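Peer 1: Input work_5.cif, format and content: mmCIF, C-alpha atoms (C1' of nucleotides).
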data_run
#
loop_
_atom_site.label_atom_id
_atom_site.label_comp_id
_atom_site.auth_asym_id
_atom_site.auth_seq_id
_atom_site.Cartn_x
_atom_site.Cartn_y
_atom_site.Cartn_z
CA MET A 3 11.59 -15.31 -33.19
CA PRO A 4 8.12 -14.06 -32.51
CA TRP A 5 6.96 -17.16 -30.66
CA GLU A 6 9.79 -17.03 -28.16
CA LYS A 7 9.73 -14.50 -25.33
CA ASN A 8 12.81 -12.33 -25.44
CA PHE A 9 13.26 -12.43 -21.68
CA ASP A 10 14.04 -15.23 -19.26
CA ARG A 11 10.91 -16.01 -17.26
CA GLU A 12 12.82 -17.48 -14.32
CA GLN A 13 15.43 -14.75 -14.19
CA ALA A 14 12.78 -12.04 -14.26
CA LEU A 15 11.04 -13.87 -11.43
CA GLY A 16 14.27 -13.64 -9.47
CA VAL A 17 14.27 -9.88 -9.97
CA ALA A 18 10.67 -9.73 -8.72
CA VAL A 19 11.68 -11.68 -5.62
CA ASP A 20 14.30 -9.04 -4.85
CA LYS A 21 11.75 -6.24 -5.25
CA PHE A 22 9.13 -7.87 -3.03
CA TRP A 23 11.88 -8.81 -0.58
CA SER A 24 13.28 -5.31 -0.22
CA CYS A 25 10.11 -3.22 -0.65
CA GLY A 26 7.17 -5.44 0.31
CA PHE A 27 4.10 -6.16 -1.79
CA GLU A 28 1.92 -3.04 -1.75
CA ALA A 29 4.85 -0.66 -1.87
CA THR A 30 6.16 -2.34 -5.01
CA SER A 31 4.30 -0.61 -7.83
CA MET A 32 3.71 -2.29 -11.15
CA THR A 33 5.66 0.49 -12.84
CA SER A 34 8.80 -0.07 -10.77
CA LEU A 35 8.33 -3.83 -11.01
CA LEU A 36 8.17 -3.79 -14.81
CA GLU A 37 11.16 -1.49 -14.97
CA ALA A 38 13.22 -3.76 -12.72
CA MET A 39 12.13 -6.91 -14.54
CA GLN A 40 12.72 -5.25 -17.92
CA ILE A 41 9.37 -6.45 -19.21
CA ASN A 42 6.49 -4.62 -20.77
CA ARG A 43 3.01 -4.52 -19.35
CA GLY A 44 1.54 -6.73 -22.06
CA SER A 45 4.18 -9.40 -21.71
CA PHE A 46 3.85 -9.32 -17.94
CA TYR A 47 0.16 -10.10 -17.83
CA ASP A 48 0.53 -12.72 -20.59
CA THR A 49 3.28 -14.43 -18.63
CA TYR A 50 2.42 -14.15 -14.93
CA GLY A 51 -1.29 -13.31 -14.88
CA SER A 52 -1.33 -10.62 -12.23
CA LYS A 53 0.74 -8.92 -9.57
CA HIS A 54 -0.72 -11.20 -6.92
CA ALA A 55 -0.08 -14.36 -8.93
CA LEU A 56 3.51 -13.20 -9.34
CA LEU A 57 3.74 -12.72 -5.59
CA LEU A 58 2.73 -16.33 -5.00
CA GLU A 59 5.35 -17.49 -7.48
CA ALA A 60 7.92 -15.25 -5.81
CA ILE A 61 7.08 -16.72 -2.41
CA ASP A 62 7.42 -20.26 -3.76
CA ARG A 63 10.74 -19.39 -5.33
CA TYR A 64 12.07 -17.76 -2.16
CA VAL A 65 10.89 -20.54 0.11
CA GLY A 66 12.26 -23.15 -2.25
CA ASP A 67 15.65 -21.48 -2.49
CA ARG A 68 15.99 -21.06 1.27
CA GLY A 69 14.96 -24.68 1.78
CA ALA A 70 17.62 -25.80 -0.69
CA ASP A 71 20.22 -23.65 1.06
CA PHE A 72 19.25 -25.20 4.35
CA ARG A 73 19.38 -28.78 3.11
CA ARG A 74 22.80 -28.15 1.62
CA LEU A 75 24.12 -26.93 4.97
CA ALA A 76 22.55 -29.90 6.74
CA LYS A 77 24.22 -32.31 4.33
CA GLU A 78 27.69 -30.80 4.38
CA LEU A 79 28.05 -30.00 8.07
CA SER A 80 27.48 -31.54 11.47
CA PRO A 81 24.17 -30.60 13.14
CA ARG A 82 25.65 -27.94 15.39
CA GLU A 83 27.80 -26.52 12.62
CA ALA A 84 24.83 -26.42 10.26
CA ILE A 85 22.74 -24.39 12.69
CA GLN A 86 25.71 -22.15 13.44
CA ALA A 87 26.24 -21.63 9.72
CA PHE A 88 22.60 -20.75 9.20
CA ILE A 89 22.69 -18.18 11.99
CA ASP A 90 25.95 -16.75 10.68
CA TRP A 91 24.41 -16.51 7.24
CA ILE A 92 21.82 -14.13 8.68
CA VAL A 93 24.53 -11.95 10.22
CA SER A 94 26.61 -11.94 7.05
CA PRO A 95 24.55 -12.94 4.02
CA PRO A 96 26.51 -13.84 0.87
CA ASN A 97 24.81 -10.96 -0.93
CA VAL A 98 25.72 -7.91 1.13
CA GLU A 99 22.88 -5.67 -0.04
CA ARG A 100 20.38 -8.16 1.36
CA LYS A 101 21.63 -7.64 4.91
CA SER A 102 19.01 -4.98 5.61
CA TRP A 103 16.20 -6.71 3.71
CA GLY A 104 15.42 -9.10 6.54
CA CYS A 105 13.51 -12.25 5.59
CA MET A 106 11.07 -11.94 2.71
CA ALA A 107 8.70 -14.51 4.17
CA LEU A 108 8.64 -12.71 7.50
CA ASN A 109 8.17 -9.28 5.94
CA LEU A 110 5.27 -10.49 3.82
CA ALA A 111 3.78 -12.43 6.71
CA LEU A 112 3.47 -9.29 8.80
CA GLU A 113 2.25 -7.20 5.89
CA LEU A 114 -0.32 -9.60 4.44
CA ALA A 115 -1.14 -12.31 6.96
CA PRO A 116 -4.28 -10.63 8.31
CA SER A 117 -5.79 -9.86 4.92
CA ASP A 118 -4.51 -12.50 2.50
CA GLU A 119 -5.51 -16.03 3.42
CA GLU A 120 -3.63 -17.58 0.48
CA VAL A 121 -0.35 -15.93 1.42
CA ARG A 122 -0.77 -16.73 5.09
CA GLN A 123 -1.29 -20.42 4.40
CA ARG A 124 1.85 -20.62 2.28
CA LEU A 125 3.96 -18.78 4.82
CA GLN A 126 2.61 -20.78 7.74
CA ASN A 127 3.64 -23.93 5.89
CA ALA A 128 7.05 -22.45 5.15
CA PHE A 129 7.58 -21.57 8.81
CA SER A 130 6.38 -24.98 9.86
CA ASP A 131 8.87 -26.59 7.46
CA HIS A 132 11.62 -24.37 8.77
CA ARG A 133 10.87 -25.43 12.32
CA LYS A 134 11.01 -29.04 11.16
CA TYR A 135 14.44 -28.48 9.60
CA PHE A 136 15.67 -27.16 12.94
CA ARG A 137 14.03 -29.98 14.85
CA ASP A 138 15.52 -32.69 12.65
CA LEU A 139 18.96 -31.14 13.05
CA ILE A 140 18.52 -30.96 16.81
CA ASP A 141 17.43 -34.60 16.96
CA ALA A 142 20.40 -35.60 14.83
CA GLY A 143 22.66 -33.55 17.08
CA LYS A 144 21.32 -35.34 20.14
CA GLU A 145 22.24 -38.66 18.52
CA CYS A 146 25.80 -37.67 17.70
CA GLY A 147 26.51 -35.83 20.93
CA ASP A 148 26.39 -32.28 19.57
CA PHE A 149 23.52 -31.47 21.94
CA ARG A 150 22.34 -32.62 25.34
CA SER A 151 20.15 -35.69 24.99
CA ASP A 152 17.41 -34.29 27.22
CA LEU A 153 16.88 -31.23 25.03
CA ASP A 154 13.24 -30.69 24.00
CA SER A 155 13.75 -30.68 20.25
CA LEU A 156 10.32 -29.30 19.35
CA ALA A 157 10.27 -26.43 21.84
CA THR A 158 13.90 -25.60 21.14
CA ALA A 159 13.38 -25.59 17.38
CA ARG A 160 10.42 -23.27 17.81
CA SER A 161 12.32 -20.87 20.04
CA LEU A 162 15.26 -20.95 17.65
CA LEU A 163 12.89 -19.96 14.84
CA ALA A 164 11.46 -17.17 16.99
CA MET A 165 14.97 -15.93 17.70
CA VAL A 166 15.76 -16.01 13.99
CA PHE A 167 12.67 -13.90 13.38
CA GLY A 168 13.89 -11.46 16.00
CA MET A 169 17.30 -11.27 14.36
CA ARG A 170 15.64 -10.62 11.03
CA VAL A 171 13.78 -7.69 12.54
CA PHE A 172 17.00 -6.28 13.95
CA GLY A 173 18.57 -6.74 10.53
CA ARG A 174 15.81 -4.83 8.76
CA MET A 175 16.18 -2.08 11.34
CA MET A 176 19.82 -1.83 10.30
CA ALA A 177 21.32 -3.08 13.55
CA SER A 178 25.11 -3.01 13.70
CA ASP A 179 27.24 -6.07 13.01
CA ARG A 180 28.22 -6.07 16.67
CA GLU A 181 24.60 -6.34 17.78
CA MET A 182 23.86 -9.03 15.21
CA ARG A 183 26.85 -11.08 16.32
CA SER A 184 25.76 -10.80 19.92
CA LEU A 185 22.30 -12.02 18.98
CA ALA A 186 23.80 -14.91 17.04
CA ASN A 187 25.73 -15.99 20.14
CA GLN A 188 22.63 -15.74 22.29
CA ALA A 189 20.66 -17.76 19.76
CA MET A 190 23.19 -20.59 19.92
CA LYS A 191 22.79 -20.63 23.70
CA LEU A 192 19.23 -21.83 23.23
CA LEU A 193 20.83 -25.14 22.26
CA ASP A 194 22.78 -25.59 25.49
CA MET B 2 -20.83 24.94 20.12
CA PRO B 3 -19.15 25.75 16.84
CA TRP B 4 -15.70 26.30 18.31
CA GLU B 5 -15.64 22.94 20.03
CA LYS B 6 -15.05 19.81 18.02
CA ASN B 7 -17.86 17.35 18.52
CA PHE B 8 -15.49 14.41 18.79
CA ASP B 9 -12.77 13.55 21.28
CA ARG B 10 -9.40 14.10 19.66
CA GLU B 11 -7.59 11.65 21.94
CA GLN B 12 -10.23 8.95 21.72
CA ALA B 13 -10.30 9.15 17.94
CA LEU B 14 -6.52 8.84 18.00
CA GLY B 15 -6.95 5.63 19.97
CA VAL B 16 -9.21 4.28 17.24
CA ALA B 17 -6.58 5.18 14.65
CA VAL B 18 -3.95 3.31 16.67
CA ASP B 19 -6.12 0.20 16.52
CA LYS B 20 -6.53 0.50 12.76
CA PHE B 21 -2.82 1.00 12.07
CA TRP B 22 -2.05 -1.76 14.55
CA SER B 23 -4.31 -4.34 12.97
CA CYS B 24 -4.07 -3.36 9.30
CA GLY B 25 -0.77 -1.52 8.86
CA PHE B 26 -0.25 1.92 7.36
CA GLU B 27 -0.70 1.59 3.60
CA ALA B 28 -3.51 -0.92 3.88
CA THR B 29 -5.49 1.45 6.08
CA SER B 30 -7.34 3.69 3.63
CA MET B 31 -8.48 7.16 4.55
CA THR B 32 -12.06 6.10 3.89
CA SER B 33 -11.96 3.23 6.39
CA LEU B 34 -9.98 5.36 8.81
CA LEU B 35 -12.53 8.18 8.80
CA GLU B 36 -15.35 5.69 9.16
CA ALA B 37 -13.70 4.04 12.15
CA MET B 38 -12.79 7.35 13.76
CA GLN B 39 -16.27 8.73 13.07
CA ILE B 40 -14.83 11.94 11.68
CA ASN B 41 -15.35 13.75 8.45
CA ARG B 42 -12.64 14.49 5.94
CA GLY B 43 -12.61 18.21 6.64
CA SER B 44 -12.36 17.80 10.37
CA PHE B 45 -9.64 15.20 9.97
CA TYR B 46 -7.26 17.40 8.02
CA ASP B 47 -8.03 20.36 10.28
CA THR B 48 -7.22 18.31 13.34
CA TYR B 49 -4.37 15.95 12.44
CA GLY B 50 -2.86 17.47 9.31
CA SER B 51 -2.37 14.36 7.22
CA LYS B 52 -2.48 10.58 7.33
CA HIS B 53 1.27 10.45 7.88
CA ALA B 54 1.16 13.01 10.70
CA LEU B 55 -1.56 10.92 12.32
CA LEU B 56 0.67 7.87 12.01
CA LEU B 57 3.44 9.61 13.91
CA GLU B 58 0.97 10.57 16.64
CA ALA B 59 -0.32 7.01 16.71
CA ILE B 60 3.20 5.66 17.11
CA ASP B 61 3.90 8.06 19.95
CA ARG B 62 0.66 7.08 21.64
CA TYR B 63 1.35 3.36 21.26
CA VAL B 64 4.94 3.60 22.41
CA GLY B 65 3.95 5.80 25.34
CA ASP B 66 1.19 3.44 26.44
CA ARG B 67 3.42 0.37 26.24
CA GLY B 68 6.14 2.19 28.16
CA ALA B 69 3.65 3.11 30.88
CA ASP B 70 2.42 -0.50 31.05
CA PHE B 71 5.98 -1.66 31.40
CA ARG B 72 6.91 0.82 34.12
CA ARG B 73 3.81 -0.15 36.06
CA LEU B 74 4.82 -3.83 35.97
CA ALA B 75 8.36 -2.94 37.01
CA LYS B 76 7.08 -0.96 39.95
CA GLU B 77 4.57 -3.48 41.26
CA LEU B 78 6.52 -6.71 40.81
CA SER B 79 9.94 -8.16 41.43
CA PRO B 80 12.29 -8.07 38.42
CA ARG B 81 11.72 -11.69 37.44
CA GLU B 82 7.98 -11.44 37.96
CA ALA B 83 7.82 -8.25 35.93
CA ILE B 84 9.52 -9.85 32.95
CA GLN B 85 7.38 -12.93 33.32
CA ALA B 86 4.26 -10.77 33.43
CA PHE B 87 5.32 -8.91 30.31
CA ILE B 88 5.87 -12.15 28.42
CA ASP B 89 2.57 -13.55 29.66
CA TRP B 90 0.87 -10.37 28.53
CA ILE B 91 1.97 -11.16 24.97
CA VAL B 92 0.52 -14.66 25.21
CA SER B 93 -2.74 -13.44 26.72
CA PRO B 94 -3.26 -9.73 26.12
CA PRO B 95 -5.98 -8.05 28.21
CA ASN B 96 -7.84 -7.19 25.01
CA VAL B 97 -8.45 -10.55 23.35
CA GLU B 98 -8.93 -9.27 19.83
CA ARG B 99 -5.41 -7.85 19.88
CA LYS B 100 -3.88 -11.30 20.24
CA SER B 101 -3.41 -11.66 16.51
CA TRP B 102 -2.39 -8.05 15.89
CA GLY B 103 1.18 -8.61 17.01
CA CYS B 104 3.12 -5.50 18.01
CA MET B 105 2.24 -2.29 16.21
CA ALA B 106 5.77 -0.94 16.40
CA LEU B 107 7.17 -4.16 14.95
CA ASN B 108 4.59 -4.34 12.16
CA LEU B 109 5.23 -0.75 11.14
CA ALA B 110 8.98 -1.19 11.44
CA LEU B 111 8.98 -3.98 8.88
CA GLU B 112 6.53 -2.20 6.62
CA LEU B 113 8.07 1.27 6.64
CA ALA B 114 11.63 1.10 7.98
CA PRO B 115 13.30 0.96 4.56
CA SER B 116 11.33 3.85 3.05
CA ASP B 117 10.36 6.16 5.92
CA GLU B 118 13.31 7.62 7.78
CA GLU B 119 11.13 9.49 10.28
CA VAL B 120 9.25 6.36 11.33
CA ARG B 121 12.40 4.28 11.49
CA GLN B 122 14.08 6.73 13.85
CA ARG B 123 11.12 6.74 16.19
CA LEU B 124 10.85 2.97 16.24
CA GLN B 125 14.58 2.46 16.67
CA ASN B 126 14.39 4.70 19.72
CA ALA B 127 11.37 2.81 21.01
CA PHE B 128 13.16 -0.52 20.63
CA SER B 129 16.26 0.89 22.24
CA ASP B 130 14.16 2.07 25.19
CA HIS B 131 12.51 -1.30 25.43
CA ARG B 132 15.87 -3.01 25.57
CA LYS B 133 16.86 -0.58 28.31
CA TYR B 134 13.75 -1.48 30.31
CA PHE B 135 14.74 -5.13 30.09
CA ARG B 136 18.34 -4.38 30.95
CA ASP B 137 17.46 -2.33 34.01
CA LEU B 138 15.19 -5.11 35.23
CA ILE B 139 17.89 -7.69 34.69
CA ASP B 140 20.44 -5.58 36.57
CA ALA B 141 17.96 -5.09 39.40
CA GLY B 142 17.31 -8.84 39.39
CA LYS B 143 21.00 -9.54 39.68
CA GLU B 144 21.14 -7.34 42.78
CA CYS B 145 18.23 -9.02 44.52
CA GLY B 146 19.15 -12.56 43.58
CA ASP B 147 16.46 -13.15 40.95
CA PHE B 148 19.13 -13.76 38.31
CA ARG B 149 22.67 -15.07 38.25
CA SER B 150 25.14 -12.30 38.97
CA ASP B 151 27.36 -13.14 36.01
CA LEU B 152 24.54 -12.67 33.49
CA ASP B 153 25.43 -10.31 30.64
CA SER B 154 22.57 -7.84 31.09
CA LEU B 155 23.00 -6.05 27.76
CA ALA B 156 23.27 -9.13 25.58
CA THR B 157 20.50 -10.87 27.49
CA ALA B 158 18.17 -7.88 27.24
CA ARG B 159 18.77 -7.73 23.52
CA SER B 160 18.11 -11.41 23.01
CA LEU B 161 15.00 -11.16 25.15
CA LEU B 162 13.77 -8.36 22.91
CA ALA B 163 14.54 -10.45 19.84
CA MET B 164 12.60 -13.35 21.32
CA VAL B 165 9.68 -11.03 22.05
CA PHE B 166 9.77 -9.96 18.38
CA GLY B 167 9.67 -13.59 17.38
CA MET B 168 6.70 -14.25 19.63
CA ARG B 169 4.92 -11.26 18.12
CA VAL B 170 5.41 -12.73 14.67
CA PHE B 171 4.01 -16.07 15.81
CA GLY B 172 1.10 -14.18 17.31
CA ARG B 173 0.30 -12.35 14.09
CA MET B 174 0.49 -15.68 12.25
CA MET B 175 -2.23 -16.91 14.62
CA ALA B 176 -0.13 -19.45 16.45
CA SER B 177 -1.98 -21.56 19.01
CA ASP B 178 -1.99 -20.75 22.71
CA ARG B 179 0.02 -23.93 23.28
CA GLU B 180 2.79 -22.73 20.96
CA MET B 181 2.78 -19.27 22.49
CA ARG B 182 3.06 -20.68 26.01
CA SER B 183 5.96 -22.87 24.94
CA LEU B 184 7.71 -19.84 23.48
CA ALA B 185 7.10 -17.88 26.66
CA ASN B 186 8.79 -20.64 28.69
CA GLN B 187 11.74 -20.71 26.31
CA ALA B 188 12.05 -16.94 26.50
CA MET B 189 12.32 -17.05 30.28
CA LYS B 190 15.13 -19.59 29.92
CA LEU B 191 17.26 -16.86 28.36
CA LEU B 192 17.47 -15.47 31.89
CA ASP B 193 18.95 -18.62 33.46
"C1'" DC C 1 5.38 -14.14 -50.67
"C1'" DC C 2 1.60 -14.08 -48.05
"C1'" DC C 3 -0.31 -15.99 -43.82
"C1'" DT C 4 -0.34 -16.92 -39.15
"C1'" DA C 5 1.14 -17.09 -34.60
"C1'" DT C 6 3.44 -14.83 -31.00
"C1'" DC C 7 5.49 -11.28 -28.42
"C1'" DT C 8 6.15 -6.15 -27.82
"C1'" DG C 9 5.21 -1.51 -26.58
"C1'" DG C 10 2.27 1.87 -25.14
"C1'" DA C 11 -2.23 4.17 -25.01
"C1'" DA C 12 -6.19 4.06 -22.33
"C1'" DC C 13 -9.49 2.32 -18.68
"C1'" DG C 14 -11.98 2.52 -14.42
"C1'" DT C 15 -11.01 2.77 -9.63
"C1'" DC C 16 -9.24 4.28 -5.51
"C1'" DC C 17 -5.84 7.03 -3.23
"C1'" DG C 18 -4.77 11.15 -0.06
"C1'" DT C 19 -5.93 15.74 -0.15
"C1'" DT C 20 -8.20 20.31 -0.94
"C1'" DC C 21 -11.84 23.30 -0.96
"C1'" DC C 22 -16.05 25.54 0.08
"C1'" DG C 23 -20.96 26.38 1.18
"C1'" DG C 24 -23.88 25.67 5.14
"C1'" DA C 25 -24.81 25.11 10.15
"C1'" DC C 26 -24.22 26.73 14.40
"C1'" DT C 27 -23.54 29.74 18.63
"C1'" DA C 28 -21.09 33.13 21.47
"C1'" DA C 29 -19.99 37.91 21.24
"C1'" DA C 30 -21.04 42.68 19.81
"C1'" DT D 1 -30.03 41.15 15.26
"C1'" DT D 2 -25.96 41.15 13.07
"C1'" DT D 3 -21.29 39.56 12.99
"C1'" DA D 4 -17.44 36.61 13.48
"C1'" DG D 5 -15.41 32.40 14.14
"C1'" DT D 6 -15.33 27.40 14.07
"C1'" DC D 7 -16.66 22.98 12.65
"C1'" DC D 8 -19.23 19.86 9.61
"C1'" DG D 9 -20.25 17.36 5.42
"C1'" DG D 10 -19.45 16.25 0.95
"C1'" DA D 11 -18.19 17.37 -3.80
"C1'" DA D 12 -14.22 17.49 -6.49
"C1'" DC D 13 -9.13 17.23 -7.63
"C1'" DG D 14 -4.93 15.40 -9.61
"C1'" DG D 15 -2.44 11.52 -9.66
"C1'" DA D 16 -1.18 6.65 -9.15
"C1'" DC D 17 -2.82 2.23 -9.00
"C1'" DG D 18 -3.46 -2.58 -11.35
"C1'" DT D 19 -5.26 -4.02 -15.50
"C1'" DT D 20 -6.94 -4.39 -20.39
"C1'" DC D 21 -6.57 -3.89 -25.07
"C1'" DC D 22 -4.80 -3.39 -29.59
"C1'" DA D 23 -1.87 -1.99 -33.43
"C1'" DG D 24 2.89 -2.99 -34.87
"C1'" DA D 25 6.90 -5.86 -35.45
"C1'" DT D 26 8.79 -10.17 -36.39
"C1'" DA D 27 9.92 -14.56 -38.69
"C1'" DG D 28 8.87 -19.50 -39.53
"C1'" DG D 29 5.44 -22.36 -42.30
"C1'" DG D 30 2.77 -23.16 -46.44
#
Can I see the file as structure tokens?
Peer 2:
Amino acid sequence: MPWEKNFDREQALGVAVDKFWSCGFEATSMTSLLEAMQINRGSFYDTYGSKHALLLEAIDRYVGDRGADFRRLAKELSPREAIQAFIDWIVSPPNVERKSWGCMALNLALELAPSDEEVRQRLQNAFSDHRKYFRDLIDAGKECGDFRSDLDSLATARSLLAMVFGMRVFGRMMASDREMRSLANQAMKLLD
Amino acid sequence: MPWEKNFDREQALGVAVDKFWSCGFEATSMTSLLEAMQINRGSFYDTYGSKHALLLEAIDRYVGDRGADFRRLAKELSPREAIQAFIDWIVSPPNVERKSWGCMALNLALELAPSDEEVRQRLQNAFSDHRKYFRDLIDAGKECGDFRSDLDSLATARSLLAMVFGMRVFGRMMASDREMRSLANQAMKLLD
DNA sequence: CCCTATCTGGAACGTCCGTTCCGGACTAAA
DNA sequence: TTTAGTCCGGAACGGACGTTCCAGATAGGG
């Protein structure tokens, strides 16, 4: 029917996330984006407004999805296990092709933070939330005996996030599984 | 004289390093590059060949300079002090405006690693060298009593490098000095 | 059965990209 | 004084960029 788009807005957004994730913002051309999303130029600008507006939606989607993943882990597992599972998920992501994509938020942060205030704000908030997830888990772990009670939860959460960033860089540089596993072990030592 | 360029090739290269460092590769346009380097288009292509060739030179310059900095620290200080000084140098770089530029090698790695084989190779080697610097210092520190003798120097050096990457990301996201200092302290704890 | 509303596909736009090219300026050598 | 060689400055190139625009297709509503 002419008044219904013949593509799924949310699914196409997911495809865009993958493109921005793997290629970055500038290096993703509109042509390749439209081809991947299977949308025509006209429909694209009617639906999403602009490439930059799409980027913001893609960031929100990515950040939202990762937050949901994280909360699921935190709910199903003990604090230590949840953090371990998160770290392991970086070493061996469920979707194998994403292993060398790193973290979309991190990639975009380094690419756009200096020039794009709007993007930087969003990503700073996302990183701040992520640190809070870690901190809450660490605090919970201190309660239940998973972690030493004199652990500085804020500083530890921050360093854990920094180490995750580092692992993401190694991942994007196609480090071997052996190296990634070693880093994962070292990361967990931050909690001792 | 007509057979002498009226600009300093090496100094102009230094300006290019700063541009690539702060803005990245794609986002640095030839126009802004030529303006910053104070060179004209003709002279540029005569001298450096192309934007990409200049990038490779810039990477070599950057990596060489950082390596020299590092070796100087290693020579003048004890192993633990040298690592501490390196970490402190990230928190408070000698050139204040570079504080929010992060690490040029890291920025370019995330921007170009997936698409530019030549750049990735160079940066992988640079990172591998950097890890070796750390490892040698750790081994030396084990000898002289700075570090515990049962420390795994390879794994520790790698995790230290990952933590440095993380700090660089925080830096480029304009983290506060307080946060950066906290991260520096946590990084040093990897050596305990 | 026409009208209207919506989405589709692609032509076309102006801009900026990295790069090439060449006439003019200059000075040491012949 | 002419010549040769080098660099300078800027015009111009082809192509790719993100974006705009519009005719064509479609199918329910009147």
Peer 1: So that I can check the surroundings of Asp153 in chain B, please list as a PDB file with C-alpha atoms, keeping the file's coordinate frame every protein, DNA and RNA residue that reaches within 12 Å of it, counting all atoms listed in the file and ignoring chain neighbours fewer than 2 positions away.
Peer 2:
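And here's selection_38.pdb as it stands now:
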ATOM      1  CA  SER A 184      25.760 -10.800  19.920  1.00  0.00           C
ATOM      2  CA  ASN A 187      25.730 -15.990  20.140  1.00  0.00           C
ATOM      3  CA  GLN A 188      22.630 -15.740  22.290  1.00  0.00           C
TER       4      GLN A 188
ATOM      5  CA  PHE B 135      14.740  -5.130  30.090  1.00  0.00           C
ATOM      6  CA  ARG B 136      18.340  -4.380  30.950  1.00  0.00           C
ATOM      7  CA  ASP B 137      17.460  -2.330  34.010  1.00  0.00           C
ATOM      8  CA  ILE B 139      17.890  -7.690  34.690  1.00  0.00           C
ATOM      9  CA  ASP B 140      20.440  -5.580  36.570  1.00  0.00           C
ATOM     10  CA  LYS B 143      21.000  -9.540  39.680  1.00  0.00           C
ATOM     11  CA  PHE B 148      19.130 -13.760  38.310  1.00  0.00           C
ATOM     12  CA  ARG B 149      22.670 -15.070  38.250  1.00  0.00           C
ATOM     13  CA  SER B 150      25.140 -12.300  38.970  1.00  0.00           C
ATOM     14  CA  ASP B 151      27.360 -13.140  36.010  1.00  0.00           C
ATOM     15  CA  LEU B 155      23.000  -6.050  27.760  1.00  0.00           C
ATOM     16  CA  ALA B 156      23.270  -9.130  25.580  1.00  0.00           C
ATOM     17  CA  THR B 157      20.500 -10.870  27.490  1.00  0.00           C
ATOM     18  CA  ALA B 158      18.170  -7.880  27.240  1.00  0.00           C
ATOM     19  CA  ARG B 159      18.770  -7.730  23.520  1.00  0.00           C
ATOM     20  CA  SER B 160      18.110 -11.410  23.010  1.00  0.00           C
ATOM     21  CA  LEU B 161      15.000 -11.160  25.150  1.00  0.00           C
ATOM     22  CA  LEU B 191      17.260 -16.860  28.360  1.00  0.00           C
ATOM     23  CA  LEU B 192      17.470 -15.470  31.890  1.00  0.00           C
ATOM     24  CA  ASP B 193      18.950 -18.620  33.460  1.00  0.00           C
TER      25      ASP B 193
END
Peer 1: Translate the PyMOL selection byres ((chain A) within 6 of (chain B)), as applied to the file shown, into an explicit residue set as a list in words.
Peer 2: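 So the PyMOL selection byres ((chain A) within 6 of (chain B)) ends up selecting Ser161, Ala164, Met165, Phe167, Gly168 and Leu185 of chain A.
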Peer 1: Report as a count of residues only the full result of the PyMOL selection byres ((chain C and resi 6-16) around 12) when it is applied to this structure.
Peer 2: 38
Peer 1: In Å, with one decimal, what is the gap from C1' of DA4 in chain D to C1' of DA30 in chain C?
Peer 2: 9.5 Å
Peer 1: Taking all atoms listed in the file into account, report as a list in words which residues of chain D lie within 8 Å of chain B.
Peer 2: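 My answer is DG5, DT6, DC7, DC8 and DG9 of chain D.
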Peer 1: Would you give me, as a list in words, the residues of chain C that come within 12 Å of chain B, using only C-alpha atoms (C1' of nucleotides)?
Peer 2: DC16, DC17, DG18, DT19, DT20, DC21, DC22, DA25, DC26, DT27 and DA28 of chain C
Peer 1: Output the selection as a CSV table (one decimal), keeping the file's coordinate frame - C-alpha atoms (C1' of nucleotides) for each residue.
Peer 2:
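Output file again30.csv follows:
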chain,number,residue,atom,x,y,z
C,16,DC,C1',-9.2,4.3,-5.5
C,17,DC,C1',-5.8,7.0,-3.2
C,18,DG,C1',-4.8,11.2,-0.1
C,19,DT,C1',-5.9,15.7,-0.2
C,20,DT,C1',-8.2,20.3,-0.9
C,21,DC,C1',-11.8,23.3,-1.0
C,22,DC,C1',-16.0,25.5,0.1
C,25,DA,C1',-24.8,25.1,10.2
C,26,DC,C1',-24.2,26.7,14.4
C,27,DT,C1',-23.5,29.7,18.6
C,28,DA,C1',-21.1,33.1,21.5
Peer 1: Go ahead and compute the interatomic distance for CA of Glu144 in chain B and CA of Ile88 in chain B, in Å to one decimal.
Peer 2: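 Separation between CA of Glu144 in chain B and CA of Ile88 in chain B: 21.5 Å.
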Peer 1: Using Å and a single decimal, report how far CA of His132 in chain A sits from CA of Gly147 in chain A.
Peer 2: 22.4 Å
Peer 1: At most 12 Å from (-21.1, 26.0, -2.9), file frame, all atoms listed in the file: which residues, as a compact mmCIF listing (two decimals) with C-alpha atoms (C1' of nucleotides), in the frame of the given file?
Peer 2:
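Listing of selection.txt after writing:
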# COMPACT_ATOMS: atom_id res chain seq x y z
C1' DC C 21 -11.84 23.30 -0.96
C1' DC C 22 -16.05 25.54 0.08
C1' DG C 23 -20.96 26.38 1.18
C1' DG C 24 -23.88 25.67 5.14
C1' DG D 10 -19.45 16.25 0.95
C1' DA D 11 -18.19 17.37 -3.80
C1' DA D 12 -14.22 17.49 -6.49
